[in-house]
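Participant: Pasting target17.cif below, which is mmCIF, C-alpha atoms (C1' of nucleotides).
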data_run
loop_
_atom_site.label_atom_id
_atom_site.label_comp_id
_atom_site.auth_asym_id
_atom_site.auth_seq_id
_atom_site.Cartn_x
_atom_site.Cartn_y
_atom_site.Cartn_z
CA MET X 259 -11.52 -11.76 -25.30
CA LYS X 260 -8.78 -12.27 -27.83
CA CYS X 261 -6.43 -10.06 -29.75
CA ASP X 262 -5.61 -10.11 -33.46
CA HIS X 263 -2.43 -8.05 -33.46
CA GLU X 264 -0.28 -10.89 -34.63
CA THR X 265 2.87 -9.06 -35.51
CA GLU X 266 3.75 -5.94 -33.53
CA HIS X 267 3.19 -6.47 -29.87
CA ALA X 268 2.45 -10.16 -29.93
CA LEU X 269 6.21 -10.59 -29.89
CA ALA X 270 6.54 -8.25 -26.93
CA ALA X 271 3.84 -10.24 -25.15
CA LYS X 272 5.77 -13.44 -25.73
CA ARG X 273 9.00 -11.93 -24.41
CA ALA X 274 7.13 -10.43 -21.47
CA ALA X 275 5.67 -13.77 -20.45
CA GLU X 276 9.00 -15.56 -20.87
CA ASN X 277 10.98 -12.99 -18.89
CA MET X 278 8.54 -12.39 -16.06
CA PRO X 279 10.50 -12.68 -12.79
CA LYS X 280 9.42 -15.38 -10.38
CA ALA X 281 6.48 -14.54 -8.09
CA GLU X 282 8.79 -14.54 -5.10
CA GLU X 283 11.02 -11.90 -6.69
CA VAL X 284 8.11 -9.74 -7.80
CA GLU X 285 6.79 -9.82 -4.26
CA ARG X 286 10.13 -8.80 -2.81
CA VAL X 287 10.42 -5.81 -5.13
CA ALA X 288 6.79 -4.86 -4.48
CA ALA X 289 7.34 -5.04 -0.73
CA SER X 290 10.27 -2.65 -1.03
CA PHE X 291 8.20 -0.12 -2.91
CA LYS X 292 5.33 -0.59 -0.48
CA SER X 293 7.58 0.32 2.41
CA ILE X 294 8.26 3.72 0.87
CA SER X 295 4.75 4.32 -0.44
CA GLU X 296 3.30 5.85 2.71
CA PRO X 297 3.89 9.60 3.27
CA ALA X 298 4.94 9.04 6.90
CA ARG X 299 7.64 6.57 5.89
CA LEU X 300 8.74 8.49 2.82
CA LYS X 301 9.33 11.55 5.00
CA ILE X 302 11.70 9.49 7.08
CA LEU X 303 13.72 8.70 3.97
CA PHE X 304 13.82 12.35 2.96
CA ALA X 305 15.06 13.16 6.46
CA LEU X 306 17.78 10.50 6.32
CA ARG X 307 19.15 11.93 3.08
CA HIS X 308 20.89 14.51 5.26
CA GLY X 309 22.72 11.92 7.33
CA GLU X 310 22.37 9.40 10.11
CA LEU X 311 19.68 10.24 12.69
CA CYS X 312 18.57 8.82 16.02
CA VAL X 313 14.88 8.11 16.57
CA TYR X 314 14.39 11.27 18.57
CA HIS X 315 15.65 13.43 15.74
CA ILE X 316 13.63 11.51 13.19
CA VAL X 317 10.51 12.19 15.22
CA GLU X 318 11.52 15.85 15.37
CA ALA X 319 12.08 16.01 11.61
CA VAL X 320 8.98 14.19 10.43
CA GLY X 321 6.44 14.70 13.22
CA GLY X 322 4.08 12.13 14.71
CA THR X 323 4.49 10.08 17.85
CA GLN X 324 7.55 8.09 18.89
CA SER X 325 5.56 4.88 18.72
CA ALA X 326 4.33 5.46 15.19
CA VAL X 327 7.81 6.40 13.98
CA SER X 328 9.28 3.33 15.62
CA HIS X 329 6.77 1.09 13.84
CA GLN X 330 7.55 2.85 10.59
CA LEU X 331 11.28 2.35 11.07
CA ARG X 332 10.77 -1.33 11.69
CA LEU X 333 8.99 -1.72 8.37
CA LEU X 334 11.63 0.27 6.51
CA ARG X 335 14.36 -1.83 8.05
CA ALA X 336 12.57 -5.09 7.26
CA ALA X 337 12.32 -3.95 3.64
CA GLY X 338 16.04 -3.29 3.49
CA VAL X 339 15.59 0.40 2.81
CA VAL X 340 17.24 1.72 5.96
CA LYS X 341 19.84 0.26 8.28
CA SER X 342 20.57 0.95 11.93
CA ARG X 343 23.31 0.73 14.51
CA ARG X 344 23.31 1.30 18.23
CA GLU X 345 25.36 4.06 19.83
CA GLY X 346 24.85 4.03 23.57
CA GLN X 347 21.23 4.64 24.35
CA ASN X 348 20.44 5.70 20.81
CA ILE X 349 19.77 3.75 17.66
CA LEU X 350 21.06 5.58 14.62
CA TYR X 351 19.29 5.06 11.34
CA SER X 352 20.54 5.73 7.82
CA LEU X 353 19.59 4.92 4.24
CA ALA X 354 20.63 1.38 3.33
CA ASP X 355 22.75 2.30 0.31
CA GLU X 356 23.11 4.46 -2.78
CA HIS X 357 20.35 2.63 -4.66
CA VAL X 358 17.82 4.02 -2.23
CA VAL X 359 19.12 7.56 -2.70
CA ALA X 360 19.03 7.11 -6.47
CA VAL X 361 15.45 5.80 -6.47
CA LEU X 362 14.29 8.76 -4.36
CA GLU X 363 15.99 11.23 -6.66
CA LEU X 364 14.64 9.58 -9.81
CA ALA X 365 11.11 9.67 -8.44
CA CYS X 366 11.42 13.33 -7.61
CA THR X 367 12.85 14.14 -11.02
CA HIS X 368 10.04 12.19 -12.65
CA LEU X 369 7.42 14.15 -10.71
CA LYS X 370 9.24 17.46 -11.12
CA CYS X 371 9.48 17.91 -7.36
CA LYS X 372 12.62 19.50 -5.95
CA ILE X 373 14.37 17.96 -2.93
CA MET N 267 12.01 11.75 25.19
CA LYS N 268 14.94 13.94 24.37
CA CYS N 269 18.34 13.45 22.79
CA ASP N 270 21.71 14.70 24.00
CA HIS N 271 23.74 14.20 20.81
CA GLU N 272 24.37 17.87 20.36
CA THR N 273 27.07 17.80 17.75
CA GLU N 274 27.03 14.92 15.26
CA HIS N 275 23.55 14.30 13.96
CA ALA N 276 21.80 17.25 15.53
CA LEU N 277 23.02 19.19 12.49
CA ALA N 278 21.62 16.57 10.14
CA ALA N 279 18.31 16.75 11.99
CA LYS N 280 18.22 20.51 11.49
CA ARG N 281 18.96 20.21 7.78
CA ALA N 282 16.40 17.42 7.47
CA ALA N 283 13.65 19.51 9.02
CA GLU N 284 14.52 22.57 6.93
CA ASN N 285 14.67 20.67 3.65
CA MET N 286 11.61 18.46 4.09
CA PRO N 287 9.50 18.75 0.91
CA LYS N 288 5.99 20.09 1.28
CA ALA N 289 3.32 17.61 2.39
CA GLU N 290 1.69 17.83 -1.02
CA GLU N 291 4.91 16.80 -2.76
CA VAL N 292 5.62 13.98 -0.34
CA GLU N 293 2.14 12.65 -0.98
CA ARG N 294 2.58 12.79 -4.73
CA VAL N 295 5.82 10.82 -4.58
CA ALA N 296 4.32 8.34 -2.11
CA ALA N 297 1.33 7.82 -4.38
CA SER N 298 3.62 6.97 -7.28
CA PHE N 299 5.44 4.36 -5.26
CA LYS N 300 2.15 3.01 -3.96
CA SER N 301 0.96 2.42 -7.50
CA ILE N 302 3.89 0.08 -8.13
CA SER N 303 3.90 -1.56 -4.71
CA GLU N 304 1.37 -4.29 -5.41
CA PRO N 305 2.66 -7.48 -7.07
CA ALA N 306 -0.17 -7.51 -9.60
CA ARG N 307 0.65 -3.99 -10.78
CA LEU N 308 4.39 -4.46 -10.64
CA LYS N 309 4.08 -7.48 -12.93
CA ILE N 310 2.37 -5.24 -15.46
CA LEU N 311 5.39 -2.94 -15.41
CA PHE N 312 7.78 -5.84 -15.87
CA ALA N 313 5.69 -6.96 -18.83
CA LEU N 314 5.72 -3.50 -20.40
CA ARG N 315 9.52 -3.36 -20.26
CA HIS N 316 9.43 -5.49 -23.40
CA GLY N 317 7.33 -3.03 -25.36
CA GLU N 318 3.87 -1.66 -25.84
CA LEU N 319 1.08 -4.15 -25.09
CA CYS N 320 -2.70 -4.20 -25.49
CA VAL N 321 -4.83 -5.21 -22.52
CA TYR N 322 -5.36 -8.70 -23.85
CA HIS N 323 -1.66 -9.36 -24.00
CA ILE N 324 -1.11 -7.83 -20.59
CA VAL N 325 -3.69 -10.20 -19.15
CA GLU N 326 -1.91 -13.05 -20.93
CA ALA N 327 1.48 -12.01 -19.56
CA VAL N 328 0.54 -11.35 -15.95
CA GLY N 329 -2.52 -13.52 -15.36
CA GLY N 330 -5.71 -12.59 -13.55
CA THR N 331 -9.01 -11.42 -14.95
CA GLN N 332 -9.56 -8.71 -17.55
CA SER N 333 -11.49 -6.65 -15.05
CA ALA N 334 -8.80 -6.75 -12.41
CA VAL N 335 -6.08 -5.87 -14.92
CA SER N 336 -8.15 -2.99 -16.23
CA HIS N 337 -8.57 -1.57 -12.73
CA GLN N 338 -4.84 -1.96 -12.17
CA LEU N 339 -4.03 -0.15 -15.41
CA ARG N 340 -6.26 2.72 -14.42
CA LEU N 341 -4.34 3.19 -11.18
CA LEU N 342 -0.98 3.00 -12.93
CA ARG N 343 -2.09 5.54 -15.49
CA ALA N 344 -3.46 7.89 -12.82
CA ALA N 345 -0.09 7.70 -11.08
CA GLY N 346 1.71 8.67 -14.29
CA VAL N 347 3.63 5.41 -14.43
CA VAL N 348 2.18 4.09 -17.69
CA LYS N 349 0.63 5.84 -20.67
CA SER N 350 -1.83 4.57 -23.26
CA ARG N 351 -3.03 5.20 -26.78
CA ARG N 352 -5.85 3.73 -28.77
CA GLU N 353 -5.25 1.72 -31.93
CA GLY N 354 -8.56 0.58 -33.39
CA GLN N 355 -10.31 -1.63 -30.89
CA ASN N 356 -7.24 -1.95 -28.70
CA ILE N 357 -5.71 0.31 -26.12
CA LEU N 358 -1.95 -0.01 -26.11
CA TYR N 359 -0.11 0.60 -22.86
CA SER N 360 3.54 1.43 -22.32
CA LEU N 361 5.83 2.67 -19.54
CA ALA N 362 5.50 6.44 -19.14
CA ASP N 363 9.19 7.28 -19.59
CA GLU N 364 12.78 6.33 -18.89
CA HIS N 365 12.54 7.28 -15.21
CA VAL N 366 10.15 4.41 -14.66
CA VAL N 367 12.48 1.97 -16.36
CA ALA N 368 15.39 3.26 -14.31
CA VAL N 369 13.53 2.96 -11.00
CA LEU N 370 12.56 -0.63 -11.81
CA GLU N 371 16.12 -1.54 -12.69
CA LEU N 372 17.56 0.14 -9.62
CA ALA N 373 15.14 -1.70 -7.36
CA CYS N 374 16.06 -5.01 -8.93
CA THR N 375 19.76 -4.28 -8.65
CA HIS N 376 19.29 -3.31 -5.03
CA LEU N 377 17.49 -6.57 -4.26
CA LYS N 378 19.86 -8.66 -6.39
CA CYS N 379 17.00 -9.87 -8.54
CA LYS N 380 17.68 -10.37 -12.24
CA ILE N 381 15.18 -9.05 -14.79
"C1'" DT A 172 -27.87 -0.59 -37.87
"C1'" DC A 173 -26.64 -4.93 -35.55
"C1'" DA A 174 -23.46 -8.16 -33.67
"C1'" DA A 175 -18.97 -9.00 -32.06
"C1'" DT A 176 -14.79 -7.62 -29.89
"C1'" DA A 177 -12.05 -4.82 -26.61
"C1'" DT A 178 -11.79 -2.24 -22.66
"C1'" DA A 179 -13.60 0.34 -18.65
"C1'" DT A 180 -16.16 1.09 -14.41
"C1'" DG A 181 -19.54 1.27 -10.14
"C1'" DA A 182 -20.69 -1.09 -6.10
"C1'" DA A 183 -19.84 -4.28 -2.56
"C1'" DT A 184 -17.29 -7.25 0.15
"C1'" DA A 185 -13.01 -9.11 1.97
"C1'" DA A 186 -8.39 -8.37 3.13
"C1'" DC A 187 -4.81 -5.41 4.47
"C1'" DT A 188 -2.48 -1.57 6.80
"C1'" DG A 189 -1.52 2.33 9.95
"C1'" DT A 190 -2.01 4.46 14.20
"C1'" DT A 191 -2.78 4.56 19.05
"C1'" DC A 192 -2.32 3.01 23.71
"C1'" DA A 193 -0.15 0.58 27.03
"C1'" DT A 194 3.76 -1.67 28.16
"C1'" DA A 195 8.27 -3.97 27.51
"C1'" DT A 196 13.29 -4.00 26.74
"C1'" DA A 197 17.88 -1.99 26.69
"C1'" DT A 198 21.37 1.28 28.09
"C1'" DT A 199 23.46 4.59 31.17
"C1'" DA A 200 24.33 7.10 35.37
"C1'" DA A 201 23.95 7.45 40.19
"C1'" DT I 141 20.53 -2.05 41.97
"C1'" DT I 142 17.47 1.76 40.98
"C1'" DA I 143 15.90 5.55 38.25
"C1'" DA I 144 15.89 7.79 33.97
"C1'" DT I 145 16.25 7.83 29.07
"C1'" DA I 146 15.70 5.73 24.46
"C1'" DT I 147 13.53 2.64 21.61
"C1'" DA I 148 10.52 -1.30 20.45
"C1'" DT I 149 6.30 -3.99 20.26
"C1'" DG I 150 1.53 -6.49 20.84
"C1'" DA I 151 -3.27 -5.81 20.36
"C1'" DA I 152 -7.15 -3.53 18.66
"C1'" DC I 153 -9.64 -0.40 16.01
"C1'" DA I 154 -10.26 2.60 11.94
"C1'" DG I 155 -9.36 3.55 7.51
"C1'" DT I 156 -7.84 2.02 3.03
"C1'" DT I 157 -7.50 -0.96 -0.89
"C1'" DA I 158 -8.06 -4.93 -4.17
"C1'" DT I 159 -10.89 -8.10 -6.34
"C1'" DT I 160 -15.18 -9.75 -8.13
"C1'" DC I 161 -19.46 -9.39 -10.54
"C1'" DA I 162 -22.37 -7.23 -13.47
"C1'" DT I 163 -22.74 -3.98 -16.78
"C1'" DA I 164 -21.43 -0.01 -19.70
"C1'" DT I 165 -18.91 2.22 -23.51
"C1'" DA I 166 -16.26 2.25 -27.77
"C1'" DT I 167 -14.73 0.42 -32.17
"C1'" DT I 168 -15.08 -2.48 -36.18
"C1'" DG I 169 -17.08 -5.29 -39.74
"C1'" DA I 170 -21.14 -7.20 -41.83
#
Could the structure of this file be written out as structure tokens, please?
Facilitator:
Amino acid sequence: MKCDHETEHALAAKRAAENMPKAEEVERVAASFKSISEPARLKILFALRHGELCVYHIVEAVGGTQSAVSHQLRLLRAAGVVKSRREGQNILYSLADEHVVAVLELACTHLKCKI
Amino acid sequence: MKCDHETEHALAAKRAAENMPKAEEVERVAASFKSISEPARLKILFALRHGELCVYHIVEAVGGTQSAVSHQLRLLRAAGVVKSRREGQNILYSLADEHVVAVLELACTHLKCKI
DNA sequence: TCAATATATGAATAACTGTTCATATATTAA
DNA sequence: TTAATATATGAACAGTTATTCATATATTGA
């Protein structure tokens, strides 16, 4: 295997190789996307767009069991996509920041899906 | 399990349930994120930020075998994240559109990782 | 048409991931 | 402190996914 396109994209290939982020950074970004790449977890994000929710209400909004949702929330939190705070007996979850909202909206625009 | 927060986020829960996209749409969005949630595939996207590349140059930029990269490209193309065109013996790949670029950049900003 | 180059793909195995079940921890009220 | 409520978590199984290997298809030049 070799490629004879010496001019056009050989330059792009060179730049691409030189500017590739470090493996550790690529993995961090990939892990973030992975956390929102499962329908069950993505539904949680869609639910949290409407404001802070406790686990009970998340379960109500997205369906599934409490245990499954709790596992899903743990992954989302580990990925830095949602944050949480305690209020009495409840833990309230919300989207981590505006970047998360923006990524969700871009994806939906891209796929022509209204939210 | 039940929740007694009647005022504050009970409203958000109601809105969340009412505005949840259809399962089919959630799955489509999730599938897109899944396609870019593996380091090997994400590296391909980072490489393509610098311009159109043939498979040979992609392999050069991201490493791995030709076969693995080819399988990865197929998934990315099926997800609508990259597009391709033939030029003689080569197939040139590029990012599908500006949404993809924007999502990549947002994710990197969010994670404070320079690209 | 034949050989060489470039890319794609089916099948199989290995690795990963999600859910469930049972149980644990934390908070509040009595 | 005890009971009730809310949330979290470990282990195990089932389902999914990625890579490899071998091979197939497509294009070009001789």
Participant: Any chance you could fit chain X onto chain N with least squares, all Cα atoms in order, and share the moved copy as a short mmCIF file (atom, residue, chain, number, x, y, z; two decimals) with C-alpha atoms, in the frame of the given file?
Facilitator:
data_model
loop_
_atom_site.label_atom_id
_atom_site.label_comp_id
_atom_site.auth_asym_id
_atom_site.auth_seq_id
_atom_site.Cartn_x
_atom_site.Cartn_y
_atom_site.Cartn_z
CA MET X 259 11.97 11.92 25.17
CA LYS X 260 14.90 14.11 24.27
CA CYS X 261 18.28 13.60 22.72
CA ASP X 262 21.65 14.90 23.89
CA HIS X 263 23.69 14.38 20.74
CA GLU X 264 24.31 18.05 20.23
CA THR X 265 26.97 17.94 17.59
CA GLU X 266 26.93 15.07 15.11
CA HIS X 267 23.45 14.41 13.89
CA ALA X 268 21.72 17.36 15.45
CA LEU X 269 22.92 19.26 12.40
CA ALA X 270 21.54 16.61 10.08
CA ALA X 271 18.23 16.82 11.94
CA LYS X 272 18.13 20.56 11.41
CA ARG X 273 18.86 20.23 7.69
CA ALA X 274 16.33 17.42 7.42
CA ALA X 275 13.57 19.51 8.95
CA GLU X 276 14.44 22.55 6.83
CA ASN X 277 14.58 20.61 3.57
CA MET X 278 11.55 18.39 4.04
CA PRO X 279 9.45 18.64 0.86
CA LYS X 280 5.94 19.98 1.23
CA ALA X 281 3.27 17.47 2.33
CA GLU X 282 1.65 17.68 -1.07
CA GLU X 283 4.89 16.66 -2.79
CA VAL X 284 5.60 13.85 -0.35
CA GLU X 285 2.12 12.51 -0.99
CA ARG X 286 2.59 12.62 -4.75
CA VAL X 287 5.84 10.68 -4.57
CA ALA X 288 4.33 8.20 -2.11
CA ALA X 289 1.34 7.66 -4.39
CA SER X 290 3.66 6.83 -7.27
CA PHE X 291 5.48 4.22 -5.24
CA LYS X 292 2.19 2.87 -3.94
CA SER X 293 1.00 2.27 -7.47
CA ILE X 294 3.93 -0.06 -8.11
CA SER X 295 3.94 -1.70 -4.69
CA GLU X 296 1.40 -4.41 -5.42
CA PRO X 297 2.69 -7.60 -7.12
CA ALA X 298 -0.17 -7.58 -9.66
CA ARG X 299 0.68 -4.05 -10.79
CA LEU X 300 4.43 -4.54 -10.66
CA LYS X 301 4.08 -7.52 -12.99
CA ILE X 302 2.40 -5.26 -15.48
CA LEU X 303 5.43 -2.97 -15.43
CA PHE X 304 7.79 -5.89 -15.91
CA ALA X 305 5.68 -6.96 -18.88
CA LEU X 306 5.73 -3.48 -20.42
CA ARG X 307 9.52 -3.37 -20.30
CA HIS X 308 9.41 -5.47 -23.47
CA GLY X 309 7.32 -2.96 -25.38
CA GLU X 310 3.85 -1.57 -25.84
CA LEU X 311 1.04 -4.04 -25.09
CA CYS X 312 -2.73 -4.07 -25.47
CA VAL X 313 -4.86 -5.09 -22.50
CA TYR X 314 -5.42 -8.56 -23.87
CA HIS X 315 -1.72 -9.24 -24.04
CA ILE X 316 -1.13 -7.75 -20.62
CA VAL X 317 -3.72 -10.12 -19.20
CA GLU X 318 -1.97 -12.96 -21.02
CA ALA X 319 1.43 -11.95 -19.66
CA VAL X 320 0.51 -11.32 -16.05
CA GLY X 321 -2.56 -13.50 -15.44
CA GLY X 322 -5.73 -12.57 -13.58
CA THR X 323 -9.03 -11.37 -14.98
CA GLN X 324 -9.56 -8.63 -17.55
CA SER X 325 -11.47 -6.58 -15.01
CA ALA X 326 -8.76 -6.72 -12.38
CA VAL X 327 -6.06 -5.83 -14.91
CA SER X 328 -8.13 -2.94 -16.19
CA HIS X 329 -8.50 -1.55 -12.66
CA GLN X 330 -4.78 -1.98 -12.13
CA LEU X 331 -3.99 -0.14 -15.35
CA ARG X 332 -6.20 2.74 -14.32
CA LEU X 333 -4.26 3.17 -11.10
CA LEU X 334 -0.91 2.96 -12.86
CA ARG X 335 -2.02 5.54 -15.38
CA ALA X 336 -3.37 7.87 -12.69
CA ALA X 337 0.02 7.66 -10.97
CA GLY X 338 1.81 8.63 -14.15
CA VAL X 339 3.71 5.37 -14.35
CA VAL X 340 2.25 4.11 -17.62
CA LYS X 341 0.70 5.88 -20.57
CA SER X 342 -1.79 4.67 -23.16
CA ARG X 343 -3.00 5.35 -26.67
CA ARG X 344 -5.86 3.93 -28.66
CA GLU X 345 -5.30 1.95 -31.84
CA GLY X 346 -8.61 0.85 -33.26
CA GLN X 347 -10.37 -1.36 -30.79
CA ASN X 348 -7.29 -1.74 -28.64
CA ILE X 349 -5.71 0.47 -26.03
CA LEU X 350 -1.95 0.14 -26.05
CA TYR X 351 -0.10 0.68 -22.82
CA SER X 352 3.57 1.47 -22.28
CA LEU X 353 5.86 2.68 -19.51
CA ALA X 354 5.57 6.44 -19.05
CA ASP X 355 9.25 7.24 -19.54
CA GLU X 356 12.84 6.25 -18.84
CA HIS X 357 12.62 7.20 -15.16
CA VAL X 358 10.22 4.34 -14.60
CA VAL X 359 12.54 1.88 -16.33
CA ALA X 360 15.46 3.17 -14.27
CA VAL X 361 13.58 2.86 -10.96
CA LEU X 362 12.60 -0.74 -11.78
CA GLU X 363 16.16 -1.65 -12.66
CA LEU X 364 17.60 0.03 -9.57
CA ALA X 365 15.17 -1.83 -7.33
CA CYS X 366 16.09 -5.13 -8.91
CA THR X 367 19.80 -4.41 -8.60
CA HIS X 368 19.30 -3.44 -4.97
CA LEU X 369 17.50 -6.71 -4.24
CA LYS X 370 19.88 -8.78 -6.37
CA CYS X 371 17.02 -10.00 -8.55
CA LYS X 372 17.68 -10.47 -12.26
CA ILE X 373 15.19 -9.14 -14.83
#
Participant: By how many Å are atom CA of N:Arg352 and atom CA of N:Glu318 apart?
Facilitator: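 Distance reported for this atom pair: 11.5 Å.
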Participant: Just the residues within 12 Å of A:DT188, please, counting all atoms listed in the file, with nothing from its chain fewer than 6 positions along; format it as a list in words.
Facilitator: Lys292, Ser293, Ser295, Glu296, His329, Gln330 and Leu333 of chain X; DC153, DA154, DG155, DT156 and DT157 of chain I
Participant: Check what the PyMOL selection byres ((chain I and resi 167) around 9) selects in the file above and give those residues as number ranges by chain.
Facilitator: N: 354-356; A: 176-177; I: 166, 168
Participant: Show me which bits of chain A are within 10 Å of chain X, counting all atoms listed in the file, as a list of chain:residue names.
Facilitator: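 That gives the following set of residues: A:DT176, A:DA177, A:DT178, A:DG189, A:DT190, A:DT191, A:DC192, A:DA197, A:DT198, A:DT199.
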Participant: Write out, as JSON lines, each residue of chain X that has an atom at most 6 Å from chain N, together with the closest pair of atoms and their distance in Å to one decimal, counting all atoms listed in the file, rows going by chain and rising number.
Facilitator:
{"residue": "X:His267", "atom": "CA", "partner": "N:Leu319", "partner_atom": "CA", "distance": 5.7}
{"residue": "X:Ala270", "atom": "CA", "partner": "N:His316", "partner_atom": "CA", "distance": 5.3}
{"residue": "X:Ala271", "atom": "CA", "partner": "N:His323", "partner_atom": "CA", "distance": 5.7}
{"residue": "X:Ala274", "atom": "CA", "partner": "N:Ala313", "partner_atom": "CA", "distance": 4.6}
{"residue": "X:Ala275", "atom": "CA", "partner": "N:Ala327", "partner_atom": "CA", "distance": 4.6}
{"residue": "X:Val284", "atom": "CA", "partner": "N:Pro305", "partner_atom": "CA", "distance": 5.9}
{"residue": "X:Glu285", "atom": "CA", "partner": "N:Pro305", "partner_atom": "CA", "distance": 5.5}
{"residue": "X:Ala288", "atom": "CA", "partner": "N:Ser303", "partner_atom": "CA", "distance": 4.4}
{"residue": "X:Phe291", "atom": "CA", "partner": "N:Ser303", "partner_atom": "CA", "distance": 4.9}
{"residue": "X:Lys292", "atom": "CA", "partner": "N:Ser303", "partner_atom": "CA", "distance": 4.6}
{"residue": "X:Ser295", "atom": "CA", "partner": "N:Ala296", "partner_atom": "CA", "distance": 4.4}
{"residue": "X:Glu296", "atom": "CA", "partner": "N:Ala296", "partner_atom": "CA", "distance": 5.5}
{"residue": "X:Pro297", "atom": "CA", "partner": "N:Glu293", "partner_atom": "CA", "distance": 5.5}
{"residue": "X:Ala305", "atom": "CA", "partner": "N:Ala282", "partner_atom": "CA", "distance": 4.6}
{"residue": "X:His308", "atom": "CA", "partner": "N:Ala278", "partner_atom": "CA", "distance": 5.3}
{"residue": "X:Gly309", "atom": "CA", "partner": "N:Ala278", "partner_atom": "CA", "distance": 5.5}
{"residue": "X:Leu311", "atom": "CA", "partner": "N:His275", "partner_atom": "CA", "distance": 5.8}
{"residue": "X:His315", "atom": "CA", "partner": "N:Ala279", "partner_atom": "CA", "distance": 5.7}
{"residue": "X:Ala319", "atom": "CA", "partner": "N:Ala283", "partner_atom": "CA", "distance": 4.6}
{"residue": "X:Val361", "atom": "CA", "partner": "N:Val369", "partner_atom": "CA", "distance": 5.7}
